[in-house]
Each structure stands twice: as C-alpha cells, then as structure tokens.
>>> print(open('data-v5.txt').read())   # compact mmCIF, C-alpha atoms and all ligand atoms
# COMPACT_ATOMS: atom_id res chain seq x y z
CA MET N 1 23.05 0.30 19.21
CA LYS N 2 23.65 -0.93 15.67
CA PRO N 3 20.65 -1.28 13.36
CA GLY N 4 19.49 -4.85 13.45
CA SER N 5 20.83 -5.63 16.90
CA PRO N 6 18.39 -6.71 19.59
CA GLY N 7 17.11 -4.07 21.99
CA LYS N 8 19.02 -3.53 25.24
CA ALA N 9 17.73 -5.61 28.11
CA GLY N 10 14.94 -3.79 29.92
CA LEU N 11 14.27 -1.31 27.10
CA PRO N 12 11.44 -1.74 24.63
CA GLU N 13 12.37 -2.60 21.05
CA ASP N 14 11.33 0.90 19.96
CA ALA N 15 13.87 2.60 22.26
CA HIS N 16 16.26 2.90 19.32
CA PRO N 17 18.23 6.18 19.10
CA LEU N 18 17.16 6.60 15.44
CA THR N 19 13.49 6.54 16.39
CA SER N 20 13.67 8.68 19.53
CA GLU N 21 13.00 11.92 17.64
CA PHE N 22 9.64 10.48 16.53
CA PHE N 23 8.21 8.98 19.73
CA ALA N 24 9.05 8.19 23.34
CA PRO N 25 9.71 4.54 24.30
CA GLY N 26 6.43 2.64 24.48
CA GLU N 27 4.65 5.16 22.24
CA LYS N 28 5.45 3.62 18.87
CA ALA N 29 2.00 2.16 18.17
CA ARG N 30 0.30 5.49 18.82
CA PHE N 31 2.81 7.31 16.56
CA VAL N 32 2.53 4.76 13.72
CA ARG N 33 -1.26 4.81 13.80
CA SER N 34 -1.30 8.61 13.60
CA VAL N 35 1.16 8.55 10.66
CA PHE N 36 -1.09 6.22 8.67
CA ASP N 37 -4.30 7.98 9.69
CA THR N 38 -2.71 11.17 8.33
CA ILE N 39 -1.33 9.89 5.03
CA ALA N 40 -4.22 7.50 4.24
CA PRO N 41 -5.72 9.67 1.44
CA ARG N 42 -2.36 9.83 -0.37
CA TYR N 43 -0.96 6.41 0.55
CA ASP N 44 -1.78 4.61 -2.72
CA PHE N 45 -0.41 7.40 -4.88
CA LEU N 46 2.77 7.78 -2.85
CA ASN N 47 3.26 4.02 -2.75
CA SER N 48 3.19 3.88 -6.55
CA VAL N 49 5.48 6.88 -6.96
CA THR N 50 8.05 5.77 -4.40
CA SER N 51 8.24 2.20 -5.69
CA PHE N 52 8.16 3.33 -9.35
CA GLY N 53 4.98 1.27 -9.67
CA LEU N 54 6.88 -1.94 -8.94
CA HIS N 55 5.00 -2.77 -5.75
CA ARG N 56 2.25 -4.47 -7.79
CA ARG N 57 4.72 -6.92 -9.28
CA TRP N 58 6.27 -7.58 -5.84
CA ARG N 59 2.81 -8.29 -4.44
CA GLN N 60 2.11 -10.81 -7.20
CA ALA N 61 5.34 -12.61 -6.31
CA ALA N 62 4.30 -12.66 -2.63
CA LEU N 63 0.83 -13.97 -3.45
CA ARG N 64 2.30 -16.84 -5.47
CA MET N 65 4.23 -17.92 -2.36
CA THR N 66 1.17 -18.30 -0.12
CA GLY N 67 0.22 -21.76 -1.42
CA LEU N 68 -3.45 -20.73 -1.10
CA ARG N 69 -6.11 -22.83 -2.81
CA GLU N 70 -9.80 -22.46 -3.62
CA GLY N 71 -11.91 -22.43 -0.46
CA ASP N 72 -9.07 -21.46 1.91
CA ALA N 73 -9.13 -18.68 4.49
CA ALA N 74 -6.56 -15.91 3.99
CA LEU N 75 -5.57 -13.04 6.26
CA ASP N 76 -3.73 -9.85 5.26
CA VAL N 77 -2.25 -8.30 8.39
CA ALA N 78 -1.78 -4.50 8.47
CA CYS N 79 -3.73 -4.47 5.21
CA GLY N 80 -3.73 -0.66 4.93
CA THR N 81 -5.77 0.40 1.91
CA GLY N 82 -6.20 -3.23 0.87
CA ASP N 83 -3.67 -3.83 -1.92
CA PHE N 84 -3.37 -7.56 -1.21
CA LEU N 85 -7.08 -8.28 -0.84
CA PRO N 86 -8.14 -8.69 -4.52
CA GLY N 87 -5.19 -11.03 -5.14
CA LEU N 88 -6.07 -13.12 -2.10
CA ARG N 89 -9.69 -13.30 -3.25
CA ARG N 90 -8.59 -14.55 -6.70
CA LEU N 91 -6.61 -17.34 -5.02
CA VAL N 92 -9.28 -18.55 -2.60
CA GLY N 93 -12.24 -18.03 -4.98
CA GLN N 94 -15.79 -17.18 -3.97
CA ASP N 95 -15.98 -20.08 -1.48
CA GLY N 96 -12.92 -18.90 0.41
CA THR N 97 -12.56 -16.24 3.11
CA VAL N 98 -10.48 -13.06 2.89
CA VAL N 99 -9.86 -10.89 5.95
CA GLY N 100 -7.89 -7.64 6.21
CA LEU N 101 -6.73 -6.44 9.63
CA ASP N 102 -5.36 -2.97 10.43
CA PHE N 103 -5.32 -0.61 13.40
CA SER N 104 -5.66 2.61 11.34
CA ARG N 105 -9.31 3.47 10.88
CA ARG N 106 -8.53 5.89 8.02
CA MET N 107 -6.52 3.28 6.08
CA LEU N 108 -9.38 0.80 6.51
CA GLU N 109 -11.89 3.37 5.26
CA HIS N 110 -9.89 3.63 2.04
CA ALA N 111 -9.72 -0.15 1.83
CA ARG N 112 -13.51 -0.32 2.24
CA ASP N 113 -14.05 2.23 -0.55
CA ARG N 114 -11.68 0.41 -2.89
CA LEU N 115 -13.38 -2.92 -2.22
CA ALA N 116 -16.78 -1.34 -2.89
CA ARG N 117 -15.55 0.13 -6.19
CA SER N 118 -14.02 -3.15 -7.39
CA GLY N 119 -16.74 -5.45 -6.06
CA VAL N 120 -14.15 -7.60 -4.23
CA GLN N 121 -15.53 -9.34 -1.12
CA ALA N 122 -13.37 -9.16 2.01
CA LEU N 123 -13.97 -8.67 5.69
CA LEU N 124 -12.17 -5.67 7.19
CA VAL N 125 -11.28 -5.78 10.88
CA LEU N 126 -9.99 -2.91 13.02
CA GLY N 127 -7.45 -4.46 15.37
CA ASP N 128 -3.90 -4.99 16.48
CA ALA N 129 -1.46 -7.29 14.65
CA GLU N 130 0.25 -8.03 17.96
CA ARG N 131 -3.00 -9.25 19.59
CA MET N 132 -5.08 -10.53 16.72
CA PRO N 133 -8.82 -10.77 17.37
CA PHE N 134 -9.08 -14.24 15.81
CA ARG N 135 -9.33 -17.73 17.20
CA SER N 136 -6.34 -20.05 16.85
CA GLU N 137 -5.64 -22.04 13.69
CA CYS N 138 -8.18 -20.48 11.33
CA PHE N 139 -6.14 -19.20 8.34
CA GLN N 140 -4.31 -21.29 5.73
CA ALA N 141 -2.05 -18.36 4.83
CA MET N 142 -1.23 -14.86 5.91
CA THR N 143 0.33 -11.96 4.01
CA THR N 144 1.70 -8.68 5.31
CA GLY N 145 3.15 -5.87 3.20
CA PHE N 146 5.61 -3.18 4.29
CA ALA N 147 4.41 -3.46 7.88
CA LEU N 148 7.07 -5.39 9.85
CA ARG N 149 9.09 -2.19 10.48
CA ASN N 150 6.00 -0.53 11.86
CA PHE N 151 5.18 -3.10 14.51
CA SER N 152 6.18 -2.27 18.09
CA ASP N 153 6.77 -5.88 19.09
CA LEU N 154 7.80 -8.05 16.16
CA GLU N 155 8.11 -11.12 18.38
CA ALA N 156 4.47 -10.73 19.44
CA PHE N 157 3.44 -10.41 15.78
CA PHE N 158 5.25 -13.64 14.83
CA ARG N 159 3.81 -15.46 17.87
CA GLU N 160 0.31 -14.33 16.93
CA SER N 161 0.85 -15.26 13.28
CA ARG N 162 1.83 -18.75 14.29
CA ARG N 163 -1.18 -19.02 16.60
CA VAL N 164 -3.81 -18.06 13.99
CA LEU N 165 -2.34 -20.14 11.13
CA THR N 166 -3.43 -23.74 10.61
CA PRO N 167 -0.68 -26.41 10.74
CA GLY N 168 1.14 -26.21 7.40
CA GLY N 169 -0.06 -22.59 6.98
CA LYS N 170 2.24 -20.01 5.41
CA LEU N 171 3.33 -16.58 6.56
CA VAL N 172 4.45 -14.37 3.64
CA ALA N 173 5.89 -10.96 4.52
CA LEU N 174 6.91 -8.42 1.87
CA GLU N 175 9.26 -5.79 3.27
CA ILE N 176 11.75 -3.11 2.27
CA ALA N 177 15.17 -4.50 3.05
CA GLY N 178 17.98 -2.51 1.45
CA PRO N 179 20.35 -3.93 -1.17
CA GLU N 180 23.58 -5.46 0.05
CA TRP N 181 25.94 -4.70 -2.85
CA TRP N 182 27.90 -1.60 -3.82
CA PRO N 183 27.17 0.83 -5.55
CA TYR N 184 23.44 0.06 -5.38
CA ARG N 185 23.36 0.18 -1.58
CA PRO N 186 24.53 3.82 -1.12
CA LEU N 187 22.35 4.89 -4.05
CA PHE N 188 19.33 3.19 -2.52
CA PHE N 189 19.88 4.83 0.89
CA TRP N 190 20.47 8.24 -0.73
CA TYR N 191 17.13 7.93 -2.53
CA PHE N 192 15.41 6.67 0.59
CA GLU N 193 16.87 9.14 3.07
CA LYS N 194 17.32 12.31 0.99
CA VAL N 195 15.09 12.20 -2.08
CA LEU N 196 11.99 10.44 -0.83
CA PRO N 197 11.07 12.78 2.07
CA ARG N 198 11.50 15.82 -0.20
CA LEU N 199 9.48 14.20 -2.96
CA ALA N 200 6.74 13.38 -0.50
CA ALA N 201 6.69 16.97 0.78
CA LEU N 202 6.45 18.30 -2.79
CA LEU N 203 3.57 15.97 -3.52
CA ARG N 204 1.72 17.39 -0.53
CA GLY N 205 2.65 14.27 1.39
CA GLU N 206 3.47 14.58 5.06
CA ARG N 207 7.18 15.23 5.43
CA GLN N 208 7.25 13.78 8.94
CA ALA N 209 5.65 10.55 7.71
CA TYR N 210 8.20 10.13 4.94
CA ARG N 211 11.08 10.95 7.26
CA TRP N 212 9.77 8.06 9.35
CA LEU N 213 10.18 5.66 6.42
CA PRO N 214 14.02 5.76 6.25
CA ALA N 215 14.33 6.00 10.04
CA SER N 216 12.19 2.89 10.50
CA LEU N 217 14.32 1.01 8.00
CA ALA N 218 17.59 2.09 9.60
CA ALA N 219 16.33 1.00 13.02
CA PHE N 220 14.98 -2.32 11.76
CA HIS N 221 16.45 -5.80 12.05
CA SER N 222 18.77 -7.26 9.45
CA ARG N 223 17.37 -10.06 7.27
CA GLU N 224 19.01 -12.55 9.65
CA GLY N 225 17.45 -10.76 12.63
CA VAL N 226 13.99 -11.18 11.13
CA THR N 227 14.45 -14.86 10.31
CA ARG N 228 15.86 -15.51 13.80
CA LEU N 229 12.68 -14.10 15.35
CA MET N 230 10.55 -16.20 12.98
CA ARG N 231 12.46 -19.30 14.01
CA GLN N 232 12.09 -18.40 17.71
CA ALA N 233 8.34 -18.07 17.18
CA GLY N 234 8.29 -21.63 15.87
CA PHE N 235 8.21 -21.18 12.09
CA THR N 236 10.00 -23.72 9.89
CA ASP N 237 11.04 -23.76 6.20
CA ILE N 238 12.04 -20.12 6.54
CA SER N 239 13.22 -18.45 3.35
CA ILE N 240 14.16 -15.02 2.03
CA ARG N 241 13.60 -14.06 -1.59
CA ASN N 242 15.22 -10.80 -2.70
CA LEU N 243 13.49 -8.63 -5.32
CA ALA N 244 14.64 -5.47 -7.11
CA GLY N 245 18.27 -6.28 -6.37
CA GLY N 246 17.52 -6.70 -2.66
CA ALA N 247 15.71 -3.37 -2.21
CA VAL N 248 12.78 -5.42 -1.00
CA CYS N 249 12.46 -9.03 0.06
CA ILE N 250 9.84 -11.62 0.83
CA TYR N 251 10.15 -13.62 4.05
CA THR N 252 8.25 -16.88 4.18
CA GLY N 253 7.79 -19.39 6.97
CA THR N 254 5.55 -22.37 7.65
CA LYS N 255 3.69 -23.25 10.82
CA PRO N 256 4.67 -26.86 11.56
C1 LIG O 301 3.23 0.85 5.13
S1 LIG O 301 1.56 0.49 5.47
C2 LIG O 301 1.32 -0.97 4.53
C3 LIG O 301 -0.08 -1.16 4.08
C4 LIG O 301 -0.32 -2.39 3.21
N1 LIG O 301 0.02 -3.60 3.92
C5 LIG O 301 0.45 -2.35 1.92
O1 LIG O 301 1.06 -3.36 1.58
O2 LIG O 301 0.44 -1.32 1.23
C6 LIG O 301 1.66 -0.15 7.13
C7 LIG O 301 0.30 -0.48 7.73
O3 LIG O 301 0.53 -1.17 8.94
C8 LIG O 301 -0.50 -0.80 9.86
N2 LIG O 301 -0.05 -1.20 11.19
C9 LIG O 301 1.11 -0.87 11.79
N3 LIG O 301 1.19 -1.44 13.01
C10 LIG O 301 0.05 -2.15 13.18
C11 LIG O 301 -0.45 -2.98 14.23
N4 LIG O 301 0.23 -3.17 15.34
N5 LIG O 301 -1.65 -3.56 14.05
C12 LIG O 301 -2.38 -3.37 12.93
N6 LIG O 301 -1.95 -2.60 11.89
C13 LIG O 301 -0.74 -2.00 12.02
C14 LIG O 301 -0.65 0.69 9.60
O4 LIG O 301 -1.85 1.21 10.09
C15 LIG O 301 -0.55 0.74 8.07
O5 LIG O 301 -1.80 0.63 7.47
>>> encode(input="data-v5.txt", output="structure tokens", more="lines below")
Ligand SMILES: C[S@@+](CC[C@H](N)C(=O)[O-])C[C@H]1O[C@@H](n2cnc3c(N)ncnc32)[C@H](O)[C@@H]1O
Amino acid sequence: MKPGSPGKAGLPEDAHPLTSEFFAPGEKARFVRSVFDTIAPRYDFLNSVTSFGLHRRWRQAALRMTGLREGDAALDVACGTGDFLPGLRRLVGQDGTVVGLDFSRRMLEHARDRLARSGVQALLVLGDAERMPFRSECFQAMTTGFALRNFSDLEAFFRESRRVLTPGGKLVALEIAGPEWWPYRPLFFWYFEKVLPRLAALLRGERQAYRWLPASLAAFHSREGVTRLMRQAGFTDISIRNLAGGAVCIYTGTKP
C-alpha cells in the first residue's frame, strides 16, 4: 500500500506495513499512549531540538488562524505538555475558556506543571480525541499540533471535531508534512529517518519513540488525503498553508 492511500477494505487504518513492526492492527492507540507516557519528561526539549526551535513560530501562525476572540471557548486536542494553551488563553482572555485534551496521563502531568509555573488558566481533560468527552457545539475553535499522524481513526477525529465546534467554528491542525520539492525533500527525509532517531538516542531519548516519528509520517495520508477526510466529515473552506518550505503545514477547515 502506498503512503497516503486509504486502508484496504476490512483492515483498520493502522494495518499499514510500515507500522506493523510497532504494533498489531487495532493496537495503535495503546502503542501511541505508551510512547508519549515514556517520552513525556523529554518531550519539550526534544521538540525544540528536532524543530530547531521553530515550532514556536509555527504555533503562532496556527493560533492566528483560529479566528478566536475574547470570551470564546477554545479546545486544544492532543494537547501533550500544553504548548498551545498559553496562546489560546491570550486570544480568549480571562473571560474565555481554554481546554486541553489528551489521553497520555504523563503528558498531561507535564502540562499541569507548566500551567502552574506560568499561572495560565486552562482545564486539562484526560480523554480520547476520537470520542471527545464534550457536548456538541461548545467550542468556537480547536487546535491540534503534531497529533493527526498519531490518531488511530482520523475520520472519527474529524467527525468529533465537527460535532464539538459551534457553527462557523474553526479547526486548525499543525502537522509535519514533508516538503514536495527536490533537493529539500530527500534531505528532509534523510534528517527525519536517519539523523533524528540517532540524535534522540544520544540525548537519552527513546530510540523506539523517535523511530516511530518517521514511520508514522511515511504511513500517513498525503495533504490531499487529509483534506479529503476533512471534506467528508463536513468541513468547508478547507485550506493548507505550508511552512518551512513544506516541512510542516497547517490545515484549516470551518464547520458550516
Ligand atoms: C506529538 S505529541 C503533540 C503534543 C502537542 N499537541 C504539541 O503540539 O506539542 C502527540 C500527542 O497526541 C496525543 N494523542 C495521540 N492520540 C490521541 C488520542 N486518540 N486522544 C488523545 N490524545 C492523543 C499523545 O498522547 C501526545 O500527547
């Protein structure tokens, strides 16, 4: 099966040959949660090192696309250690609501500690992005960073996103994508597949976790595949904005 193509009929999306050395079909959620529980203490450091510190700038770009205003309710799905939460709080102000959702308890513990240190108010919820524990139509915008590749059922995530957003609400998803032009593309994949896992191992990171990063990208949908699923879930005004020469991109869509 080519990366980006839909799963074979009858097989779960995670039954991709590139992911089979990591988990058995149907076991992706359990594997992903254990990866993030394991790397949680080093996640922020490794994130900065592997993105050359650029992830902060990419997040600012994503936040500007949410259309959030004072008093709104904002949700960051798969919030991890909480990188998006202070920015969301700035946008919605003290009268607004900020919620972070993640299924890794260890990542959420780090988010809680960071929030306590910075004095930023946000509600942290332990739960699944594919079955969100929220009532329908309660958030004006939703962000998610570097998480789409980690979901087991991307269609379920988009369906749930549409359900919990208010009409006119925005979904903004920041994701690693892979540049499309030569010679940047082979260079990018060399860094991602060969350098990054070794770097992570040297930095006392978990080698297995950082081998998962390139595998998850290789097994993931193309940009068009992602936007097709967003459209199928009912989003409109779908757009893709490339950053860092296409190494990452921001998907946006509106709930009609
Ligand atoms: C690469 S980290 C990204 C963390 C954060 N969003 C950021 O921008 O740095 C991926 C996060 O997705 C979470 N995650 C993956 N699948 C999930 C799911 N089905 N439900 C909730 N969280 C999930 C993981 O626990 C992890 O914290």
>>> closest_residue(input="data-v5.txt", among="N:Pro179, N:Gly93, N:Gly168, N:Pro214", to="ligand LIG 301 (chain O)", atoms="all atoms listed in the file")
N:Pro214
>>> residues_around(input="data-v5.txt", residues="Arg228 in chain N", least_positions_apart="2", cutoff="12 Å", atoms="all atoms listed in the file", output="JSON, numbers by chain")
{"N": [4, 5, 6, 154, 155, 158, 221, 222, 223, 224, 225, 226, 230, 231, 232, 233, 234, 235, 236, 238, 239, 240, 251, 253]}
>>> closest_atom_pairs(input="data-v5.txt", of="chain N", to="ligand LIG 301 (chain O)", cutoff="9 Å", atoms="all atoms listed in the file", output="tab-separated table")
residue	atom	partner	partner_atom	distance
N:Lys28	CA	O:LIG301	N3	8.8
N:Ala29	CA	O:LIG301	N4	6.3
N:Val32	CA	O:LIG301	C9	6.1
N:Arg33	CA	O:LIG301	O4	5.2
N:Ser34	CA	O:LIG301	O4	8.2
N:Val35	CA	O:LIG301	O4	8.0
N:Phe36	CA	O:LIG301	O4	5.3
N:Asp37	CA	O:LIG301	O4	7.2
N:Ala40	CA	O:LIG301	O5	8.0
N:Tyr43	CA	O:LIG301	O2	7.9
N:Asp44	CA	O:LIG301	O2	7.5
N:Asn47	CA	O:LIG301	O2	7.2
N:His55	CA	O:LIG301	O1	8.3
N:Arg59	CA	O:LIG301	O1	8.0
N:Asp76	CA	O:LIG301	N1	7.4
N:Val77	CA	O:LIG301	N6	6.7
N:Ala78	CA	O:LIG301	N6	3.9
N:Cys79	CA	O:LIG301	N1	4.1
N:Gly80	CA	O:LIG301	O5	3.4
N:Thr81	CA	O:LIG301	C4	6.3
N:Gly82	CA	O:LIG301	C4	6.4
N:Asp83	CA	O:LIG301	O2	5.8
N:Phe84	CA	O:LIG301	O1	6.7
N:Leu101	CA	O:LIG301	C12	6.3
N:Asp102	CA	O:LIG301	N6	3.7
N:Phe103	CA	O:LIG301	C12	4.1
N:Ser104	CA	O:LIG301	O4	4.2
N:Arg105	CA	O:LIG301	O4	7.8
N:Arg106	CA	O:LIG301	O4	8.4
N:Met107	CA	O:LIG301	O5	5.6
N:Leu108	CA	O:LIG301	O5	7.6
N:Leu126	CA	O:LIG301	C12	7.6
N:Gly127	CA	O:LIG301	C12	5.7
N:Asp128	CA	O:LIG301	N5	3.6
N:Ala129	CA	O:LIG301	N5	3.8
N:Glu130	CA	O:LIG301	N4	5.5
N:Arg131	CA	O:LIG301	N5	8.1
N:Met132	CA	O:LIG301	N5	8.2
N:Thr143	CA	O:LIG301	N1	8.4
N:Thr144	CA	O:LIG301	N1	5.5
N:Gly145	CA	O:LIG301	O1	3.6
N:Phe146	CA	O:LIG301	C1	4.8
N:Ala147	CA	O:LIG301	C6	4.4
N:Leu148	CA	O:LIG301	C9	7.7
N:Arg149	CA	O:LIG301	C9	8.2
N:Asn150	CA	O:LIG301	C9	4.9
N:Phe151	CA	O:LIG301	N3	4.6
N:Ser152	CA	O:LIG301	N4	6.6
N:Asp153	CA	O:LIG301	N4	8.0
N:Phe157	CA	O:LIG301	N4	7.9
N:Leu174	CA	O:LIG301	O1	7.7
N:Glu175	CA	O:LIG301	O1	8.7
N:Leu213	CA	O:LIG301	C1	8.6
>>> atom_distance(input="data-v5.txt", atom1="CA of Gly169 in chain N", atom2="CA of Leu124 in chain N")
20.8 Å
>>> residues_around(input="data-v5.txt", residues="Gln60 in chain N", least_positions_apart="2", cutoff="12 Å", atoms="only C-alpha atoms", output="list of chain:residue names")
N:Leu54, N:His55, N:Arg56, N:Arg57, N:Trp58, N:Ala62, N:Leu63, N:Arg64, N:Met65, N:Thr66, N:Asp83, N:Phe84, N:Leu85, N:Pro86, N:Gly87, N:Leu88, N:Arg90, N:Leu91, N:Thr143, N:Gly145, N:Val172, N:Leu174, N:Leu243, N:Ile250
>>> atom_distance(input="data-v5.txt", atom1="CA of Ala73 in chain N", atom2="CA of Val92 in chain N")
7.1 Å
>>> closest_residue(input="data-v5.txt", among="N:Leu46, N:Ala141, N:Leu171, N:Ala177", to="Ala200 in chain N", atoms="all atoms listed in the file")
N:Leu46
>>> atom_distance(input="data-v5.txt", atom1="CA of Arg198 in chain N", atom2="CA of Phe45 in chain N")
15.3 Å
>>> residues_around(input="data-v5.txt", residues="range 135-138 of chain N", least_positions_apart="6", cutoff="6 Å", atoms="only C-alpha atoms", output="ChimeraX atom specification")
/N:163-166
>>> axis_aligned_box(input="data-v5.txt", around="range 21-33 of chain N", padding_each_side="5 Å", output="AutoDock Vina command-line options")
--center_x 5.9 --center_y 7.0 --center_z 19.1 --size_x 24.3 --size_y 19.8 --size_z 20.8
>>> closest_residue(input="data-v5.txt", among="N:Gly246, N:Met142, N:Ser161, N:Tyr210", to="Tyr184 in chain N", atoms="all atoms listed in the file")
N:Gly246
>>> residues_around(input="data-v5.txt", residues="Leu196 in chain N", least_positions_apart="2", cutoff="12 Å", atoms="all atoms listed in the file", output="PyMOL selection string")
chain N and resi 46-47+49-52+188-194+198-203+205-215
